[in-house]
Amino acid sequence: MSECTHDCASCGESCGERQEPQSLLKELNPKAHVGQVFGVVSGKGGVGKSMVTSQLAVLMRRRGYTVGILDADVTGPSIPKAFGVHGQAEGCEDGICPMTSQTGIQMISTNLLLPNETDPVIWRGPVISGVVQQFWTDVLWNCDYLFVDMPPGTGDVSLSVFQSIPLDGIVVVASPQELVSMVVEKAVKMAEMMEVPILGLIENLSYLACPDCGKKIHLFGRGKTKEAAQRHNLPLLAEMPLDPALAAQADAGKIESFRGGWLDAAADLLEGK
């Protein structure tokens, strides 16, 4: 085979230099139905990404839509516990059946595949990426909205989700610390490089409401998320408080009982897509 001269007039149409890059998107299970897919991402762990995912799913379910959650945080799954869903997902000849919460929210997570939900997941990156892809290709979803709870950071699994799942948009979650806002920009820039639409930013742990007078106490200082959003011409969709009652509901597996309007604007945006 002769060396490529980058002169396309001298080679055939099968030459790799002339072929368009192939899409890495994976096909949904042919027996499944998914309307729109939204990822919830963060630049680092511990900012409440799974909490935001759970609340968005609950809000959209309350509005009458069928909703699913794909827990792509394989090594740190927390979605089933927040909803009080335990046990193991079952399969059939057509694929894997997602488990459902009390209000009918569908979900799949590594915790729903392990014999013991407290067992650690000690897998290498390629295996984890493959599992996340299977959560898309093998699960029998039937939902209007599917939320993907992404792992923190911009590593292998996040890249795999961006490349293999057809995301209609992402929401970026941050906390008020200035260091976090820097990491947020990494997540935003990754999404821009992958040409995935960014719907906006959500700042979690933004403040604590005084139980006596309702005054907002900014425990971590004034957040920098709004400034990061402005730099990228993105809306700040919500500033969520540090709410001990909400945390207690999630720990008890009763996240569907939460009452709060912090994410109403974000839900309105999703509903309008």
# chains A, B, ... in the order shown; residues from 1 in each chain; ligands from 1
$ select_by_dssp --residues "region 19-242 of chain A" --states "alpha helix (DSSP H)" --output "count of residues only"
64
$ residues_around --residues "His232 (chain A)" --least-positions-apart "4" --cutoff "9 Å" --atoms "only C-alpha atoms" --output "list in words"
Glu185, Val188, Glu227 and Ala228 of chain A
$ closest_atom_pairs --of "region 220-273 of chain A" --to "region 55-74 of chain A" --cutoff "12 Å" --atoms "only C-alpha atoms" --output "CSV"
residue,atom,partner,partner_atom,distance
A:Ala238,CA,A:Leu56,CA,11.8
A:Met240,CA,A:Gln55,CA,11.1
A:Leu246,CA,A:Gln55,CA,10.1
A:Ala247,CA,A:Gln55,CA,11.7
A:Gln249,CA,A:Gln55,CA,11.5
A:Ala250,CA,A:Gln55,CA,10.1
A:Lys254,CA,A:Val58,CA,10.9
A:Ile255,CA,A:Gln55,CA,7.5
A:Glu256,CA,A:Val58,CA,6.0
A:Ser257,CA,A:Val58,CA,8.9
A:Phe258,CA,A:Gln55,CA,8.1
A:Arg259,CA,A:Gln55,CA,9.5
A:Gly260,CA,A:Gln55,CA,9.2
A:Gly261,CA,A:Leu59,CA,9.2
A:Trp262,CA,A:Gln55,CA,9.5
A:Leu263,CA,A:Leu56,CA,7.0
A:Asp264,CA,A:Leu59,CA,7.7
A:Ala265,CA,A:Leu56,CA,10.5
A:Ala266,CA,A:Leu56,CA,7.9
A:Ala267,CA,A:Leu56,CA,6.6
A:Asp268,CA,A:Met60,CA,9.2
A:Leu269,CA,A:Met60,CA,11.1
A:Leu270,CA,A:Met60,CA,8.7
A:Glu271,CA,A:Met60,CA,8.1
A:Gly272,CA,A:Met60,CA,11.8
$ write_last_selection --atoms "N, CA and C atoms" --output "tab-separated table (two decimals), in the first residue's frame"
chain	number	residue	atom	x	y	z
A	238	ALA	N	-31.26	27.88	39.21
A	238	ALA	CA	-31.74	27.78	40.59
A	238	ALA	C	-30.59	27.97	41.56
A	240	MET	N	-30.27	26.49	45.20
A	240	MET	CA	-30.93	25.57	46.13
A	240	MET	C	-30.33	25.70	47.52
A	246	LEU	N	-34.80	17.96	53.66
A	246	LEU	CA	-34.67	17.30	52.37
A	246	LEU	C	-33.63	16.18	52.45
A	247	ALA	N	-32.51	16.46	53.11
A	247	ALA	CA	-31.47	15.44	53.27
A	247	ALA	C	-32.01	14.24	54.04
A	249	GLN	N	-35.12	13.21	54.13
A	249	GLN	CA	-36.03	12.47	53.26
A	249	GLN	C	-35.27	11.57	52.31
A	250	ALA	N	-34.17	12.07	51.75
A	250	ALA	CA	-33.36	11.27	50.84
A	250	ALA	C	-32.74	10.09	51.57
A	254	LYS	N	-37.27	8.61	50.91
A	254	LYS	CA	-38.57	9.26	50.69
A	254	LYS	C	-38.41	10.57	49.92
A	255	ILE	N	-37.51	10.59	48.94
A	255	ILE	CA	-37.26	11.81	48.19
A	255	ILE	C	-38.52	12.28	47.45
A	256	GLU	N	-39.43	11.35	47.15
A	256	GLU	CA	-40.65	11.72	46.44
A	256	GLU	C	-41.62	12.53	47.31
A	257	SER	N	-41.32	12.63	48.61
A	257	SER	CA	-42.17	13.41	49.52
A	257	SER	C	-41.72	14.86	49.64
A	258	PHE	N	-40.59	15.21	49.02
A	258	PHE	CA	-40.07	16.56	49.21
A	258	PHE	C	-41.02	17.60	48.63
A	259	ARG	N	-41.04	18.75	49.28
A	259	ARG	CA	-41.83	19.89	48.80
A	259	ARG	C	-40.93	21.10	48.73
A	260	GLY	N	-40.74	21.62	47.56
A	260	GLY	CA	-39.90	22.80	47.38
A	260	GLY	C	-39.97	23.26	45.94
A	261	GLY	N	-39.98	24.56	45.75
A	261	GLY	CA	-40.13	25.09	44.39
A	261	GLY	C	-38.84	25.58	43.78
A	262	TRP	N	-37.69	25.18	44.34
A	262	TRP	CA	-36.42	25.71	43.86
A	262	TRP	C	-36.15	25.36	42.40
A	263	LEU	N	-36.60	24.21	41.96
A	263	LEU	CA	-36.26	23.74	40.60
A	263	LEU	C	-37.42	23.90	39.64
A	264	ASP	N	-38.43	24.65	40.00
A	264	ASP	CA	-39.58	24.83	39.12
A	264	ASP	C	-39.17	25.46	37.78
A	265	ALA	N	-38.27	26.45	37.83
A	265	ALA	CA	-37.85	27.11	36.59
A	265	ALA	C	-37.10	26.14	35.69
A	266	ALA	N	-36.29	25.27	36.30
A	266	ALA	CA	-35.57	24.26	35.51
A	266	ALA	C	-36.55	23.27	34.89
A	267	ALA	N	-37.56	22.86	35.65
A	267	ALA	CA	-38.58	21.95	35.12
A	267	ALA	C	-39.37	22.61	34.00
A	268	ASP	N	-39.67	23.89	34.14
A	268	ASP	CA	-40.36	24.63	33.07
A	268	ASP	C	-39.55	24.60	31.79
A	269	LEU	N	-38.23	24.79	31.94
A	269	LEU	CA	-37.34	24.79	30.77
A	269	LEU	C	-37.35	23.43	30.09
A	270	LEU	N	-37.26	22.36	30.87
A	270	LEU	CA	-37.27	21.02	30.30
A	270	LEU	C	-38.60	20.73	29.60
A	271	GLU	N	-39.67	21.17	30.22
A	271	GLU	CA	-41.00	20.93	29.66
A	271	GLU	C	-41.20	21.66	28.34
A	272	GLY	N	-40.49	22.77	28.18
A	272	GLY	CA	-40.63	23.56	26.95
A	272	GLY	C	-39.77	23.09	25.81
$ closest_atom_pairs --of "region 20-53 of chain A" --to "region 156-163 of chain A" --cutoff "10 Å" --atoms "only C-alpha atoms" --output "tab-separated table"
residue	atom	partner	partner_atom	distance
A:Ser23	CA	A:Gln163	CA	8.1
A:Leu24	CA	A:Gln163	CA	5.7
A:Leu25	CA	A:Gln163	CA	5.9
A:Lys26	CA	A:Gln163	CA	8.6
A:Gly39	CA	A:Val161	CA	8.8
A:Val41	CA	A:Ser158	CA	8.5
$ residues_around --residues "Val47 (chain A)" --least-positions-apart "6" --cutoff "12 Å" --atoms "only C-alpha atoms" --output "MDAnalysis selection string"
chainID A and resid 40:41 53 151:153 172:177 180:181 183:184 202:206 240:242
$ write_last_selection --atoms "N, CA and C atoms" --output "tab-separated table (two decimals), in the first residue's frame"
chain	number	residue	atom	x	y	z
A	40	VAL	N	-27.30	15.25	33.96
A	40	VAL	CA	-27.04	16.13	35.09
A	40	VAL	C	-25.58	15.90	35.47
A	41	VAL	N	-24.76	16.94	35.32
A	41	VAL	CA	-23.32	16.77	35.46
A	41	VAL	C	-22.75	17.72	36.51
A	53	THR	N	-30.79	15.55	40.34
A	53	THR	CA	-31.38	14.58	39.42
A	53	THR	C	-32.69	14.03	39.98
A	151	PRO	N	-21.42	10.62	36.41
A	151	PRO	CA	-20.37	10.61	37.43
A	151	PRO	C	-19.70	11.97	37.47
A	152	PRO	N	-19.08	12.33	38.59
A	152	PRO	CA	-18.41	13.63	38.64
A	152	PRO	C	-17.18	13.68	37.76
A	153	GLY	N	-16.82	14.89	37.35
A	153	GLY	CA	-15.60	15.08	36.58
A	153	GLY	C	-15.78	14.92	35.09
A	172	VAL	N	-25.72	21.65	34.59
A	172	VAL	CA	-24.49	21.59	35.36
A	172	VAL	C	-24.77	22.02	36.80
A	173	VAL	N	-24.36	21.19	37.76
A	173	VAL	CA	-24.59	21.46	39.18
A	173	VAL	C	-23.29	21.89	39.83
A	174	ALA	N	-23.37	22.92	40.67
A	174	ALA	CA	-22.19	23.42	41.37
A	174	ALA	C	-22.55	23.76	42.80
A	175	SER	N	-21.54	24.02	43.61
A	175	SER	CA	-21.73	24.57	44.95
A	175	SER	C	-21.03	25.93	45.00
A	176	PRO	N	-21.24	26.72	46.06
A	176	PRO	CA	-20.81	28.12	46.02
A	176	PRO	C	-19.30	28.38	46.02
A	177	GLN	N	-18.48	27.44	46.48
A	177	GLN	CA	-17.07	27.73	46.63
A	177	GLN	C	-16.43	28.13	45.31
A	180	VAL	N	-14.89	25.38	43.27
A	180	VAL	CA	-15.86	24.58	42.53
A	180	VAL	C	-16.25	25.27	41.23
A	181	SER	N	-16.38	26.58	41.27
A	181	SER	CA	-16.79	27.29	40.05
A	181	SER	C	-15.75	27.12	38.96
A	183	VAL	N	-13.94	24.39	38.57
A	183	VAL	CA	-14.14	23.03	38.06
A	183	VAL	C	-15.40	22.97	37.21
A	184	VAL	N	-16.42	23.78	37.56
A	184	VAL	CA	-17.64	23.84	36.77
A	184	VAL	C	-17.32	24.23	35.34
A	202	ILE	N	-27.08	25.10	37.98
A	202	ILE	CA	-27.81	25.07	39.24
A	202	ILE	C	-26.79	25.11	40.38
A	203	GLU	N	-26.97	26.06	41.29
A	203	GLU	CA	-26.09	26.13	42.45
A	203	GLU	C	-26.79	25.47	43.63
A	204	ASN	N	-26.19	24.40	44.13
A	204	ASN	CA	-26.72	23.69	45.30
A	204	ASN	C	-25.96	24.15	46.55
A	205	LEU	N	-26.56	23.96	47.72
A	205	LEU	CA	-25.96	24.37	49.00
A	205	LEU	C	-25.69	25.86	49.01
A	206	SER	N	-26.54	26.59	48.32
A	206	SER	CA	-26.32	28.02	48.14
A	206	SER	C	-26.44	28.81	49.44
A	240	MET	N	-30.27	26.49	45.20
A	240	MET	CA	-30.93	25.57	46.13
A	240	MET	C	-30.33	25.70	47.52
A	241	PRO	N	-31.17	25.70	48.55
A	241	PRO	CA	-30.66	25.84	49.91
A	241	PRO	C	-30.12	24.53	50.47
A	242	LEU	N	-29.37	24.67	51.55
A	242	LEU	CA	-28.99	23.53	52.36
A	242	LEU	C	-30.17	23.23	53.28
$ closest_residue --among "A:Asp251, A:Asp144, A:Leu208, A:Gln134" --to "Asn29 (chain A)" --atoms "only C-alpha atoms"
A:Gln134
$ residues_around --residues "Ser101 (chain A)" --least-positions-apart "5" --cutoff "10 Å" --atoms "only C-alpha atoms" --output "PyMOL selection string"
chain A and resi 68+80+82-86+106-107+253-254+256
$ write_last_selection --atoms "all heavy atoms" --output "mmCIF file, in the first residue's frame"
data_model
loop_
_atom_site.group_PDB
_atom_site.id
_atom_site.type_symbol
_atom_site.label_atom_id
_atom_site.label_comp_id
_atom_site.auth_asym_id
_atom_site.auth_seq_id
_atom_site.Cartn_x
_atom_site.Cartn_y
_atom_site.Cartn_z
ATOM 1 N N GLY A 68 -37.697 8.421 33.804
ATOM 2 C CA GLY A 68 -36.713 7.413 34.158
ATOM 3 C C GLY A 68 -35.413 8.069 34.589
ATOM 4 O O GLY A 68 -35.132 9.212 34.232
ATOM 5 N N PRO A 80 -31.101 4.753 43.856
ATOM 6 C CA PRO A 80 -32.084 3.830 44.444
ATOM 7 C C PRO A 80 -32.356 4.098 45.920
ATOM 8 O O PRO A 80 -33.509 4.037 46.361
ATOM 9 C CB PRO A 80 -31.451 2.455 44.229
ATOM 10 C CG PRO A 80 -30.559 2.630 43.053
ATOM 11 C CD PRO A 80 -29.999 4.017 43.200
ATOM 12 N N ALA A 82 -32.175 6.929 47.559
ATOM 13 C CA ALA A 82 -32.977 8.143 47.734
ATOM 14 C C ALA A 82 -34.457 7.868 47.504
ATOM 15 O O ALA A 82 -35.317 8.530 48.099
ATOM 16 C CB ALA A 82 -32.486 9.242 46.790
ATOM 17 N N PHE A 83 -34.764 6.900 46.653
ATOM 18 C CA PHE A 83 -36.158 6.570 46.339
ATOM 19 C C PHE A 83 -36.675 5.374 47.134
ATOM 20 O O PHE A 83 -37.821 4.962 46.938
ATOM 21 C CB PHE A 83 -36.308 6.303 44.844
ATOM 22 C CG PHE A 83 -36.272 7.537 43.991
ATOM 23 C CD1 PHE A 83 -35.071 8.050 43.537
ATOM 24 C CD2 PHE A 83 -37.445 8.199 43.651
ATOM 25 C CE1 PHE A 83 -35.035 9.193 42.758
ATOM 26 C CE2 PHE A 83 -37.420 9.339 42.874
ATOM 27 C CZ PHE A 83 -36.211 9.844 42.432
ATOM 28 N N GLY A 84 -35.833 4.793 47.981
ATOM 29 C CA GLY A 84 -36.261 3.643 48.752
ATOM 30 C C GLY A 84 -36.471 2.404 47.913
ATOM 31 O O GLY A 84 -37.293 1.544 48.263
ATOM 32 N N VAL A 85 -35.727 2.278 46.817
ATOM 33 C CA VAL A 85 -35.852 1.130 45.921
ATOM 34 C C VAL A 85 -34.706 0.160 46.194
ATOM 35 O O VAL A 85 -33.526 0.537 46.149
ATOM 36 C CB VAL A 85 -35.827 1.568 44.443
ATOM 37 C CG1 VAL A 85 -35.830 0.359 43.516
ATOM 38 C CG2 VAL A 85 -37.018 2.468 44.143
ATOM 39 N N HIS A 86 -35.047 -1.079 46.491
ATOM 40 C CA HIS A 86 -34.040 -2.084 46.818
ATOM 41 C C HIS A 86 -34.341 -3.362 46.038
ATOM 42 O O HIS A 86 -35.403 -3.509 45.430
ATOM 43 C CB HIS A 86 -34.029 -2.369 48.321
ATOM 44 C CG HIS A 86 -33.840 -1.136 49.162
ATOM 45 N ND1 HIS A 86 -32.620 -0.545 49.350
ATOM 46 C CD2 HIS A 86 -34.746 -0.381 49.843
ATOM 47 C CE1 HIS A 86 -32.748 0.522 50.123
ATOM 48 N NE2 HIS A 86 -34.029 0.650 50.444
ATOM 49 N N GLN A 106 -39.015 5.160 36.790
ATOM 50 C CA GLN A 106 -38.184 4.023 36.412
ATOM 51 C C GLN A 106 -36.717 4.340 36.696
ATOM 52 O O GLN A 106 -36.299 5.487 36.582
ATOM 53 C CB GLN A 106 -38.354 3.723 34.922
ATOM 54 C CG GLN A 106 -39.796 3.479 34.501
ATOM 55 C CD GLN A 106 -40.013 3.693 33.030
ATOM 56 O OE1 GLN A 106 -39.187 3.294 32.207
ATOM 57 N NE2 GLN A 106 -41.123 4.328 32.668
ATOM 58 N N MET A 107 -35.944 3.315 37.035
ATOM 59 C CA MET A 107 -34.522 3.553 37.297
ATOM 60 C C MET A 107 -33.712 2.290 37.111
ATOM 61 O O MET A 107 -34.213 1.169 37.262
ATOM 62 C CB MET A 107 -34.316 4.106 38.706
ATOM 63 C CG MET A 107 -34.727 3.182 39.834
ATOM 64 S SD MET A 107 -34.661 4.010 41.433
ATOM 65 C CE MET A 107 -36.011 5.188 41.249
ATOM 66 N N GLY A 253 -35.119 7.329 52.045
ATOM 67 C CA GLY A 253 -35.704 6.762 50.833
ATOM 68 C C GLY A 253 -37.039 7.362 50.474
ATOM 69 O O GLY A 253 -37.853 6.734 49.790
ATOM 70 N N LYS A 254 -37.273 8.606 50.909
ATOM 71 C CA LYS A 254 -38.568 9.255 50.688
ATOM 72 C C LYS A 254 -38.414 10.566 49.924
ATOM 73 O O LYS A 254 -39.102 11.538 50.205
ATOM 74 C CB LYS A 254 -39.260 9.492 52.024
ATOM 75 C CG LYS A 254 -39.554 8.207 52.791
ATOM 76 C CD LYS A 254 -40.221 8.501 54.130
ATOM 77 C CE LYS A 254 -40.527 7.211 54.888
ATOM 78 N NZ LYS A 254 -41.169 7.485 56.200
ATOM 79 N N GLU A 256 -39.431 11.347 47.150
ATOM 80 C CA GLU A 256 -40.655 11.723 46.435
ATOM 81 C C GLU A 256 -41.618 12.525 47.309
ATOM 82 O O GLU A 256 -42.613 13.063 46.809
ATOM 83 C CB GLU A 256 -41.342 10.465 45.895
ATOM 84 C CG GLU A 256 -40.571 9.858 44.733
ATOM 85 C CD GLU A 256 -40.986 8.422 44.443
ATOM 86 O OE1 GLU A 256 -40.835 7.576 45.343
ATOM 87 O OE2 GLU A 256 -41.448 8.161 43.315
#
$ closest_residue --among "A:Leu236, A:Thr75, A:Ser109, A:Ile96" --to "Val127 (chain A)" --atoms "only C-alpha atoms"
A:Thr75
$ residues_around --residues "Gly200 (chain A)" --least-positions-apart "4" --cutoff "8 Å" --atoms "only C-alpha atoms" --output "PyMOL selection string"
chain A and resi 170-172+229+234-237
$ write_last_selection --atoms "all heavy atoms" --output "compact mmCIF listing (two decimals), in the first residue's frame"
# COMPACT_ATOMS: atom_id res chain seq x y z
N ILE A 170 -27.79 19.21 28.84
CA ILE A 170 -27.29 18.89 30.18
C ILE A 170 -27.55 20.08 31.11
O ILE A 170 -27.69 21.22 30.68
CB ILE A 170 -25.79 18.56 30.19
CG1 ILE A 170 -24.95 19.78 29.79
CG2 ILE A 170 -25.47 17.38 29.31
CD1 ILE A 170 -23.49 19.64 30.12
N VAL A 171 -27.61 19.75 32.39
CA VAL A 171 -27.67 20.74 33.46
C VAL A 171 -26.42 20.56 34.30
O VAL A 171 -26.07 19.42 34.66
CB VAL A 171 -28.93 20.55 34.33
CG1 VAL A 171 -28.89 21.47 35.53
CG2 VAL A 171 -30.19 20.81 33.51
N VAL A 172 -25.72 21.65 34.59
CA VAL A 172 -24.49 21.59 35.36
C VAL A 172 -24.77 22.02 36.80
O VAL A 172 -25.36 23.07 37.03
CB VAL A 172 -23.40 22.48 34.75
CG1 VAL A 172 -22.10 22.37 35.55
CG2 VAL A 172 -23.14 22.10 33.30
N ALA A 229 -21.84 31.31 34.98
CA ALA A 229 -22.94 31.23 34.00
C ALA A 229 -22.91 32.42 33.05
O ALA A 229 -23.08 32.27 31.83
CB ALA A 229 -24.28 31.18 34.74
N LEU A 234 -25.01 31.58 29.94
CA LEU A 234 -25.94 30.54 30.35
C LEU A 234 -26.80 31.05 31.50
O LEU A 234 -26.35 31.86 32.31
CB LEU A 234 -25.18 29.29 30.80
CG LEU A 234 -24.35 28.57 29.75
CD1 LEU A 234 -23.46 27.52 30.41
CD2 LEU A 234 -25.24 27.93 28.70
N PRO A 235 -28.03 30.56 31.61
CA PRO A 235 -28.88 30.97 32.74
C PRO A 235 -28.51 30.23 34.02
O PRO A 235 -28.09 29.07 33.98
CB PRO A 235 -30.29 30.59 32.28
CG PRO A 235 -30.08 29.44 31.35
CD PRO A 235 -28.76 29.71 30.65
N LEU A 236 -28.64 30.93 35.14
CA LEU A 236 -28.55 30.28 36.44
C LEU A 236 -29.97 29.85 36.79
O LEU A 236 -30.82 30.67 37.11
CB LEU A 236 -28.00 31.23 37.50
CG LEU A 236 -27.87 30.67 38.92
CD1 LEU A 236 -26.94 29.47 38.94
CD2 LEU A 236 -27.39 31.75 39.89
N LEU A 237 -30.25 28.56 36.70
CA LEU A 237 -31.61 28.06 36.80
C LEU A 237 -32.15 28.03 38.22
O LEU A 237 -33.36 28.12 38.43
CB LEU A 237 -31.68 26.64 36.20
CG LEU A 237 -31.33 26.53 34.71
CD1 LEU A 237 -31.29 25.06 34.29
CD2 LEU A 237 -32.32 27.30 33.86
$ residues_around --residues "Val37 (chain A)" --least-positions-apart "6" --cutoff "8 Å" --atoms "only C-alpha atoms" --output "MDAnalysis selection string"
chainID A and resid 145:148 166:169
$ write_last_selection --atoms "N, CA and C atoms" --output "PDB file, in the first residue's frame"
ATOM      1  N   TYR A 145     -39.276  11.438  29.711  1.00  0.00           N
ATOM      2  CA  TYR A 145     -38.023  12.091  30.088  1.00  0.00           C
ATOM      3  C   TYR A 145     -37.111  11.076  30.768  1.00  0.00           C
ATOM      4  N   LEU A 146     -35.874  11.019  30.301  1.00  0.00           N
ATOM      5  CA  LEU A 146     -34.871  10.174  30.942  1.00  0.00           C
ATOM      6  C   LEU A 146     -33.741  11.079  31.437  1.00  0.00           C
ATOM      7  N   PHE A 147     -33.469  11.012  32.738  1.00  0.00           N
ATOM      8  CA  PHE A 147     -32.381  11.787  33.326  1.00  0.00           C
ATOM      9  C   PHE A 147     -31.178  10.874  33.549  1.00  0.00           C
ATOM     10  N   VAL A 148     -30.024  11.344  33.125  1.00  0.00           N
ATOM     11  CA  VAL A 148     -28.786  10.579  33.308  1.00  0.00           C
ATOM     12  C   VAL A 148     -27.989  11.242  34.424  1.00  0.00           C
ATOM     13  N   PRO A 166     -27.593   9.866  23.062  1.00  0.00           N
ATOM     14  CA  PRO A 166     -28.010  11.106  22.385  1.00  0.00           C
ATOM     15  C   PRO A 166     -28.650  12.099  23.356  1.00  0.00           C
ATOM     16  N   LEU A 167     -27.843  12.871  24.034  1.00  0.00           N
ATOM     17  CA  LEU A 167     -28.338  13.831  25.015  1.00  0.00           C
ATOM     18  C   LEU A 167     -28.994  15.028  24.323  1.00  0.00           C
ATOM     19  N   ASP A 168     -30.167  15.396  24.813  1.00  0.00           N
ATOM     20  CA  ASP A 168     -30.832  16.597  24.315  1.00  0.00           C
ATOM     21  C   ASP A 168     -30.338  17.846  25.028  1.00  0.00           C
ATOM     22  N   GLY A 169     -29.600  17.666  26.099  1.00  0.00           N
ATOM     23  CA  GLY A 169     -29.051  18.789  26.835  1.00  0.00           C
ATOM     24  C   GLY A 169     -28.546  18.334  28.184  1.00  0.00           C
TER      25      GLY A 169
END
$ atom_distance --atom1 "CA of Pro115 (chain A)" --atom2 "CA of Gln88 (chain A)"
7.3 Å
$ atom_distance --atom1 "CA of Gly46 (chain A)" --atom2 "CA of Val139 (chain A)"
27.7 Å
